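Student: The structure file entry28.csv (CSV, C-alpha atoms) is provided below.
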chain,number,residue,atom,x,y,z
A,267,LEU,CA,-5.1,-3.3,1.0
A,268,GLY,CA,-4.6,-2.7,-2.7
A,269,GLY,CA,-3.1,0.7,-2.1
A,270,ALA,CA,-1.0,-0.6,0.7
A,271,SER,CA,0.9,-2.8,-1.8
A,272,ILE,CA,2.8,0.2,-3.1
A,273,ILE,CA,4.1,1.4,0.3
A,274,ASP,CA,7.9,1.5,0.9
A,275,VAL,CA,7.9,2.5,4.5
A,276,MET,CA,5.1,3.1,7.1
A,277,ILE,CA,4.7,5.7,9.8
A,278,LEU,CA,2.2,4.4,12.4
A,279,VAL,CA,0.7,7.4,14.3
A,280,ILE,CA,-0.8,6.5,17.7
A,281,ASP,CA,-2.9,8.8,20.0
A,282,ILE,CA,-0.8,8.7,23.2
A,283,THR,CA,-3.9,9.2,25.3
A,284,LYS,CA,-5.7,6.2,23.9
A,285,GLY,CA,-3.0,3.7,22.8
A,286,ILE,CA,-3.6,1.0,20.3
A,287,GLN,CA,-7.2,1.2,19.0
A,288,THR,CA,-8.9,-1.2,16.5
A,289,GLN,CA,-7.8,0.8,13.5
A,290,THR,CA,-4.3,0.9,14.8
A,291,ALA,CA,-4.2,-2.8,15.1
A,292,GLU,CA,-5.5,-3.1,11.5
A,293,CYS,CA,-2.7,-0.9,10.2
A,294,LEU,CA,-0.2,-2.9,12.2
A,295,VAL,CA,-1.4,-6.1,10.6
A,296,ILE,CA,-1.0,-4.6,7.1
A,297,GLY,CA,2.4,-3.3,8.1
A,298,GLU,CA,3.6,-6.7,9.1
A,299,LEU,CA,2.4,-8.1,5.8
A,300,ILE,CA,3.8,-5.7,3.3
A,301,VAL,CA,6.5,-3.3,4.7
A,302,GLY,CA,10.0,-4.0,5.8
A,303,LYS,CA,10.4,-0.7,7.8
A,304,MET,CA,8.0,1.0,10.1
A,305,PHE,CA,8.3,4.0,12.4
A,306,VAL,CA,6.0,4.8,15.3
A,307,VAL,CA,4.9,8.4,16.3
A,308,LEU,CA,3.0,9.0,19.5
A,309,ASN,CA,0.8,12.1,18.8
A,310,LYS,CA,-1.1,14.5,21.1
A,311,ILE,CA,1.4,14.8,23.8
A,312,ASP,CA,0.1,18.3,24.6
A,313,LEU,CA,-2.9,16.6,26.2
A,314,LEU,CA,-0.7,15.1,28.9
A,315,PRO,CA,-0.2,17.2,32.1
A,316,GLU,CA,3.0,19.3,31.5
A,317,ASN,CA,4.3,18.6,35.0
A,318,ASP,CA,4.2,14.8,34.5
A,319,ARG,CA,4.5,14.7,30.7
A,320,GLN,CA,7.9,13.1,30.3
A,321,THR,CA,7.1,10.4,32.9
A,322,GLN,CA,3.9,9.4,31.1
A,323,ILE,CA,5.6,9.4,27.7
A,324,GLN,CA,8.2,7.0,29.0
A,325,LYS,CA,5.6,4.7,30.6
A,326,LYS,CA,3.4,4.6,27.5
A,327,THR,CA,6.5,4.1,25.3
A,328,GLU,CA,7.6,1.1,27.4
A,329,ALA,CA,4.1,-0.4,27.3
A,330,LEU,CA,3.9,-0.1,23.5
A,331,ARG,CA,7.4,-1.6,23.1
A,332,LYS,CA,6.0,-4.7,24.8
A,333,VAL,CA,3.2,-4.9,22.2
A,334,PHE,CA,5.7,-4.4,19.3
A,335,SER,CA,8.0,-7.1,20.7
A,336,LYS,CA,5.3,-9.6,19.6
A,337,THR,CA,5.5,-8.4,16.0
A,338,ARG,CA,8.2,-8.9,13.5
A,339,PHE,CA,9.3,-5.2,14.0
A,340,GLY,CA,10.4,-6.0,17.6
A,341,GLN,CA,10.6,-3.9,20.7
A,342,ASP,CA,13.5,-1.9,19.4
A,343,ILE,CA,11.3,-0.3,16.7
A,344,GLN,CA,12.0,3.4,16.1
A,345,MET,CA,9.6,5.5,18.2
A,346,THR,CA,9.2,9.2,18.9
A,347,HIS,CA,6.6,11.6,20.3
A,348,ILE,CA,5.0,14.9,19.0
A,349,SER,CA,2.0,17.1,19.0
A,350,ALA,CA,1.0,17.9,15.4
A,351,ASN,CA,-1.5,20.5,16.5
A,352,VAL,CA,-1.3,21.9,20.0
A,353,GLY,CA,-4.8,22.6,21.3
A,354,ALA,CA,-6.4,21.3,18.0
A,355,GLN,CA,-6.5,24.8,16.5
A,356,GLU,CA,-8.0,25.4,13.0
A,357,GLU,CA,-5.8,28.5,12.4
A,358,ASN,CA,-2.4,29.5,13.6
A,359,VAL,CA,-1.4,25.9,14.2
A,360,ASN,CA,1.4,25.3,16.7
A,361,THR,CA,3.4,22.0,16.9
A,362,LEU,CA,5.4,20.4,19.6
A,363,ASP,CA,8.6,18.3,19.1
A,364,VAL,CA,7.9,17.8,15.3
A,365,GLN,CA,11.7,17.9,14.9
A,366,ASN,CA,11.8,14.6,16.6
A,367,VAL,CA,10.1,13.0,13.6
A,368,ILE,CA,12.3,14.7,11.1
A,369,SER,CA,15.4,13.6,12.9
A,370,MET,CA,14.2,10.0,13.2
A,371,LEU,CA,13.5,9.8,9.5
A,372,LEU,CA,16.7,11.4,8.4
A,373,LYS,CA,18.7,9.1,10.7
A,374,ASN,CA,17.0,5.8,10.0
A,375,PHE,CA,15.2,5.9,6.6
A,376,GLU,CA,17.0,4.6,3.5
A,377,ILE,CA,15.6,5.2,0.0
A,378,PRO,CA,14.9,1.7,-1.5
A,379,LYS,CA,17.1,0.7,-4.4
A,380,ARG,CA,15.1,0.9,-7.6
A,381,ASN,CA,15.3,-1.6,-10.4
A,382,VAL,CA,14.7,-0.1,-13.8
A,383,GLU,CA,15.5,-3.2,-15.7
A,384,GLY,CA,12.9,-5.6,-17.1
A,385,PRO,CA,9.5,-4.9,-18.6
A,386,PHE,CA,7.3,-2.0,-17.4
A,387,LEU,CA,4.6,-2.8,-14.9
A,388,TYR,CA,2.2,-0.1,-13.6
A,389,LEU,CA,-0.5,-0.3,-10.9
A,390,ILE,CA,-3.5,1.8,-11.9
A,391,ASP,CA,-5.5,3.4,-9.1
A,392,HIS,CA,-7.6,6.0,-11.0
A,393,CYS,CA,-8.6,6.9,-14.6
A,394,PHE,CA,-10.4,10.0,-15.9
A,395,SER,CA,-10.8,11.9,-19.2
A,396,ILE,CA,-9.9,15.6,-19.9
A,397,LYS,CA,-11.8,17.2,-22.7
A,398,GLY,CA,-9.6,18.1,-25.6
A,399,LYS,CA,-6.6,16.3,-24.1
A,400,GLY,CA,-7.3,12.6,-23.7
A,401,THR,CA,-7.5,10.1,-20.9
A,402,VAL,CA,-5.3,10.3,-17.8
A,403,VAL,CA,-4.3,7.2,-15.9
A,404,THR,CA,-2.7,7.6,-12.4
A,405,GLY,CA,-0.8,5.0,-10.5
A,406,THR,CA,2.6,3.7,-9.3
A,407,VAL,CA,5.4,2.1,-11.3
A,408,ILE,CA,6.0,-1.4,-9.8
A,409,GLN,CA,8.7,-2.5,-12.2
A,410,GLY,CA,10.9,-1.2,-14.9
A,411,LYS,CA,10.5,2.3,-16.5
A,412,VAL,CA,8.4,4.2,-19.0
A,413,LYS,CA,9.1,7.1,-21.3
A,414,ILE,CA,7.0,9.5,-23.5
A,415,ASN,CA,6.0,7.7,-26.8
A,416,ASP,CA,6.4,4.3,-25.2
A,417,GLU,CA,3.6,1.8,-26.1
A,418,VAL,CA,1.7,0.6,-23.0
A,419,GLU,CA,-0.7,-2.3,-22.9
A,420,PHE,CA,-3.9,-2.5,-20.9
A,421,PRO,CA,-4.3,-6.3,-20.7
A,422,MET,CA,-7.7,-6.3,-19.1
A,423,ILE,CA,-9.3,-4.5,-22.1
A,424,LYS,CA,-6.7,-5.9,-24.6
A,425,GLU,CA,-5.7,-2.4,-25.9
A,426,THR,CA,-2.2,-0.9,-26.5
A,427,LYS,CA,-1.7,2.9,-26.5
A,428,LYS,CA,1.2,5.3,-26.8
A,429,VAL,CA,2.1,7.6,-23.9
A,430,LYS,CA,1.6,11.2,-25.0
A,431,SER,CA,2.9,12.9,-21.9
A,432,MET,CA,3.3,12.3,-18.2
A,433,GLN,CA,3.5,14.2,-14.9
A,434,MET,CA,4.9,13.5,-11.4
A,435,PHE,CA,3.2,15.5,-8.6
A,436,LYS,CA,1.8,18.0,-11.3
A,437,LYS,CA,5.2,18.6,-12.9
A,438,PRO,CA,5.9,17.4,-16.5
A,439,VAL,CA,8.6,14.7,-16.7
A,440,GLU,CA,10.1,12.7,-19.6
A,441,GLN,CA,10.2,9.3,-17.9
A,442,GLY,CA,9.3,7.4,-14.7
A,443,GLN,CA,10.8,4.4,-13.0
A,444,GLN,CA,10.0,1.8,-10.3
A,445,GLY,CA,8.6,3.5,-7.2
A,446,ASP,CA,7.5,6.7,-9.0
A,447,ARG,CA,3.9,8.0,-8.8
A,448,LEU,CA,3.0,8.9,-12.3
A,449,ALA,CA,0.1,10.4,-14.3
A,450,LEU,CA,0.1,9.1,-17.9
A,451,LEU,CA,-1.8,10.8,-20.7
A,452,PHE,CA,-3.2,8.7,-23.6
A,453,THR,CA,-5.4,9.5,-26.5
A,454,GLN,CA,-8.3,7.4,-27.9
A,455,LEU,CA,-8.5,5.5,-24.6
A,456,ASP,CA,-12.0,5.0,-23.1
A,457,ALA,CA,-11.9,6.0,-19.4
A,458,GLU,CA,-15.2,4.2,-18.9
A,459,LYS,CA,-13.4,0.9,-19.4
A,460,ILE,CA,-10.7,1.4,-16.8
A,461,GLU,CA,-11.1,2.1,-13.1
A,462,ARG,CA,-8.3,0.1,-11.4
A,463,GLY,CA,-5.9,-2.5,-12.7
A,464,ILE,CA,-2.6,-2.8,-14.4
A,465,ALA,CA,-0.7,-1.5,-17.4
A,466,CYS,CA,2.5,-2.9,-18.8
A,467,SER,CA,4.9,-3.4,-21.6
A,468,PRO,CA,3.1,-5.0,-24.6
A,469,LYS,CA,2.5,-8.8,-24.2
A,470,TYR,CA,4.2,-8.8,-20.8
A,471,VAL,CA,1.2,-9.9,-18.7
A,472,LYS,CA,-0.3,-13.1,-20.0
A,473,GLU,CA,-3.8,-14.3,-19.4
A,474,VAL,CA,-4.1,-17.9,-18.1
A,475,ALA,CA,-7.0,-20.2,-17.6
A,476,TRP,CA,-5.5,-22.2,-14.7
A,477,ALA,CA,-2.8,-21.4,-12.1
A,478,ILE,CA,-1.4,-23.3,-9.1
A,479,ILE,CA,0.2,-21.3,-6.4
A,480,ASN,CA,1.2,-21.7,-2.7
A,481,LEU,CA,-1.0,-19.8,-0.1
A,482,GLU,CA,-0.1,-19.2,3.5
A,483,LYS,CA,-2.4,-18.1,6.3
A,484,VAL,CA,-1.4,-15.0,8.3
A,485,LYS,CA,-1.0,-15.8,12.0
A,486,TYR,CA,-3.9,-13.6,12.9
A,487,PHE,CA,-6.4,-15.8,11.0
A,488,LYS,CA,-7.2,-18.4,13.6
A,489,HIS,CA,-9.9,-20.3,11.8
A,490,GLN,CA,-9.6,-23.5,9.7
A,491,ILE,CA,-10.0,-23.3,6.0
A,492,LYS,CA,-12.7,-25.8,5.0
A,493,THR,CA,-14.5,-26.7,1.8
A,494,LYS,CA,-17.5,-24.6,0.6
A,495,GLN,CA,-16.1,-21.4,2.2
A,496,LYS,CA,-15.8,-18.0,0.5
A,497,PHE,CA,-13.0,-15.4,1.0
A,498,HIS,CA,-12.0,-12.1,-0.6
A,499,ILE,CA,-8.5,-12.0,-2.0
A,500,THR,CA,-6.7,-8.9,-3.3
A,501,SER,CA,-3.9,-8.6,-5.8
A,502,GLY,CA,-2.8,-5.0,-6.5
A,503,HIS,CA,-6.0,-3.0,-6.7
A,504,GLN,CA,-8.2,-5.9,-7.8
A,505,THR,CA,-10.3,-8.1,-5.4
A,506,CYS,CA,-12.1,-11.2,-6.3
A,507,LEU,CA,-13.9,-14.1,-4.5
A,508,LEU,CA,-12.0,-17.2,-3.5
A,509,TYR,CA,-14.0,-20.4,-3.0
A,510,THR,CA,-12.8,-23.5,-1.3
A,511,SER,CA,-13.2,-26.4,-3.8
A,512,ASP,CA,-15.9,-29.0,-3.5
A,513,ALA,CA,-13.9,-31.2,-5.9
A,514,ALA,CA,-10.7,-31.7,-4.0
A,515,ASP,CA,-9.8,-30.9,-0.4
A,516,ASP,CA,-6.3,-29.7,-1.3
A,517,LEU,CA,-7.4,-27.1,-3.8
A,518,LEU,CA,-9.0,-23.6,-3.6
A,519,CYS,CA,-11.1,-22.1,-6.3
A,520,VAL,CA,-10.8,-18.5,-7.3
A,521,ASP,CA,-13.6,-16.7,-9.2
A,522,LEU,CA,-12.1,-14.2,-11.7
A,523,GLY,CA,-14.9,-12.4,-13.5
A,524,GLY,CA,-17.0,-15.5,-13.8
A,525,ARG,CA,-14.2,-17.9,-14.5
A,526,ARG,CA,-13.0,-20.2,-11.7
A,527,ILE,CA,-9.3,-20.9,-11.3
A,528,LEU,CA,-8.0,-23.7,-9.1
A,529,LYS,CA,-5.2,-22.7,-6.7
A,530,LYS,CA,-3.3,-25.0,-4.3
A,531,LYS,CA,-3.7,-24.3,-0.6
Spell out the structure here as structure tokens.
Tutor:
Amino acid sequence: LGGASIIDVMILVIDITKGIQTQTAECLVIGELIVGKMFVVLNKIDLLPENDRQTQIQKKTEALRKVFSKTRFGQDIQMTHISANVGAQEENVNTLDVQNVISMLLKNFEIPKRNVEGPFLYLIDHCFSIKGKGTVVTGTVIQGKVKINDEVEFPMIKETKKVKSMQMFKKPVEQGQQGDRLALLFTQLDAEKIERGIACSPKYVKEVAWAIINLEKVKYFKHQIKTKQKFHITSGHQTCLLYTSDAADDLLCVDLGGRRILKKK
């Protein structure tokens, strides 16, 4: 779920011979929560009998549209069909109707508008050291922009470092902005201290002892929230335990590294 928070658009691939499976439903739930645009691709059409293939594709498409009509994407969601690997060959892979996907994306996908204004905020998903170079942090720019020689703060370890260089898909770049996947190189940064988390403009992210926010249950959670229960909550790449409060029925208590923070239901 942490990685899902950086997705702009989602392509849901469904095995046309099996339909919606458990993992498909899980992806659909995440899609409803975090993305505004989703496409559906029905794969493995080569497994359908050729003499009846188009009829079966039409029937299965109509059945799936009824399922999607109950989601926020609606029954008119963009759908197409392909075979990504006819006969599941390991070599000399042949495809079928892949142009359908390309055409669907070119016709319907719009690149989101990026906002480069405001402080830099970066979601870290990996960190490792390179001998003789320094420490590399990889992640996605959530807000603002960053350039070589900019100072970047790691609020969880309370350290600020200067960007020495950066790459985007293994190519050197001078700067990155909201939506970009970036690898940032720093010196004198201990990779052992960072696994996942955030980096930002200095003093942008402030640590607080207490916070009150509004929480809303997703429609798929059918149970009541009672006192003395535990839940996992995720923000970005970080997950912590949430406890329902014993002290007040209208408060939830979140455990952040041993500290408990009350949050309103």
Student: Output as a tab-separated table one row per residue of stretch 344-365 of chain A within 12 Å of stretch 315-339 of chain A: the closest atom pair and its distance in Å to one decimal place, counting all atoms listed in the file, sorted by chain and residue number ascending.
Tutor:
residue	atom	partner	partner_atom	distance
A:Gln344	CA	A:Phe339	CA	9.3
A:Met345	CA	A:Thr327	CA	7.9
A:Thr346	CA	A:Thr327	CA	8.6
A:His347	CA	A:Ile323	CA	7.8
A:Ile348	CA	A:Ile323	CA	10.3
Student: Write the residues of the selection above to a file with C-alpha atoms, as a PDB file, in the coordinates of the input.
Tutor:
ATOM      1  CA  GLN A 344      12.000   3.400  16.100  1.00  0.00           C
ATOM      2  CA  MET A 345       9.600   5.500  18.200  1.00  0.00           C
ATOM      3  CA  THR A 346       9.200   9.200  18.900  1.00  0.00           C
ATOM      4  CA  HIS A 347       6.600  11.600  20.300  1.00  0.00           C
ATOM      5  CA  ILE A 348       5.000  14.900  19.000  1.00  0.00           C
TER       6      ILE A 348
END
Student: Work out how far atom CA of A:Thr453 is from atom CA of A:Lys399, in Å to one decimal.
Tutor: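 Separation between atom CA of A:Lys399 and atom CA of A:Thr453: 7.3 Å.
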Student: What does the distance between atom CA of A:Gln409 and atom CA of A:Ala457 come to in Å, to one decimal place?
Tutor: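 That distance, rounded to one decimal, is 23.4 Å.
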Student: Just the residues within 12 Å of A:Ile277, please, counting all atoms listed in the file, with nothing from its chain fewer than 5 positions along; format it as a list in words.
Tutor: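 Returned residues: Thr290, Cys293, Leu294, Gly297, Val301, Gly302, Lys303, Met304, Phe305, Val306, Val307, Leu308, Asn309, Ile343, Gln344, Met345, Thr346, Val367, Ile368, Met370, Leu371 and Phe375 of chain A.
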Student: Quick one: distance from atom CA of A:Glu357 to atom CA of A:Lys436 in Å, one decimal?
Tutor: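 Computing the Euclidean distance for atom CA of A:Glu357 and atom CA of A:Lys436 yields 27.0 Å.
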Student: Using all atoms listed in the file, determine which residues lie at most 9 Å from stretch 350-352 of chain A, disregarding the query and same-chain residues fewer than 5 positions distant; provide the list as a list in words.
Tutor: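 Result of the neighbour search: Asn309, Lys310, Ile311, Asp312, Leu313, Val359, Asn360, Thr361, Leu362, Asp363 and Val364 of chain A.
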Student: For A:Pro378, which residue out of A:Gln444, A:Gln365, A:Thr404, A:Gln433 is the nearest one, using only C-alpha atoms?
Tutor: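 Nearest candidate to A:Pro378 out of A:Gln444, A:Gln365, A:Thr404, A:Gln433: A:Gln444.
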Student: At a cut-off of 6 Å around the point (-3.5, -0.2, -12.9) (file coordinates), what residues fall inside when counting only C-alpha atoms? I'd like the answer as a PyMOL selection string.
Tutor: chain A and resi 388-391+462-465
Student: From the set A:Ser431, A:Gln495, A:Ser349, A:Gln443, which residue has the shortest atom-to-atom contact distance to A:Val402, counting only C-alpha atoms?
Tutor: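 The closest residue to A:Val402 is A:Ser431.
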Student: Within 9 Å of (5.9, 11.0, -13.6) in the file's own coordinates, which protein, DNA or RNA residues have an atom, counting all atoms listed in the file? List them as JSON, numbers by chain.
Tutor: {"A": [432, 433, 434, 435, 436, 437, 438, 439, 440, 441, 442, 443, 446, 447, 448, 449, 450]}
Student: I'd like the contact shell of A:Asn415 - 9 Å cut-off, only C-alpha atoms, skipping same-chain residues fewer than 3 positions apart - returned as a compact mmCIF listing (two decimals) with C-alpha atoms, in the frame of the given file.
Tutor:
# COMPACT_ATOMS: atom_id res chain seq x y z
CA VAL A 412 8.40 4.20 -19.00
CA LYS A 428 1.20 5.30 -26.80
CA VAL A 429 2.10 7.60 -23.90
CA LYS A 430 1.60 11.20 -25.00
CA SER A 431 2.90 12.90 -21.90
Student: Pick the closest to A:Lys469 from A:Ser369, A:Thr426, A:Asn358, A:Thr406: which is it, counting only C-alpha atoms?
Tutor: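 Closest to A:Lys469, using only C-alpha atoms: A:Thr426.
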Student: Using only C-alpha atoms, which of A:Arg380, A:Lys488, A:Lys472, A:Lys483 sits nearest A:Glu419?
Tutor: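 With only C-alpha atoms as the atom set, the closest residue is A:Lys472.
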Student: For each of A:Phe386, A:Tyr470, A:Phe497, A:Phe487, take the minimum atom-to-atom distance to A:Pro421, counting all atoms listed in the file, then give the residue where this is smallest.
Tutor: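 When distances to A:Pro421 are compared using all atoms listed in the file, the smallest one comes from A:Tyr470.
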Student: I want to know what sits within 12 Å of A:Lys459, based on only C-alpha atoms, with residues of the same chain fewer than 6 positions away left out; could you give that as a PyMOL selection string?
Tutor: chain A and resi 392-395+401+403+420-425
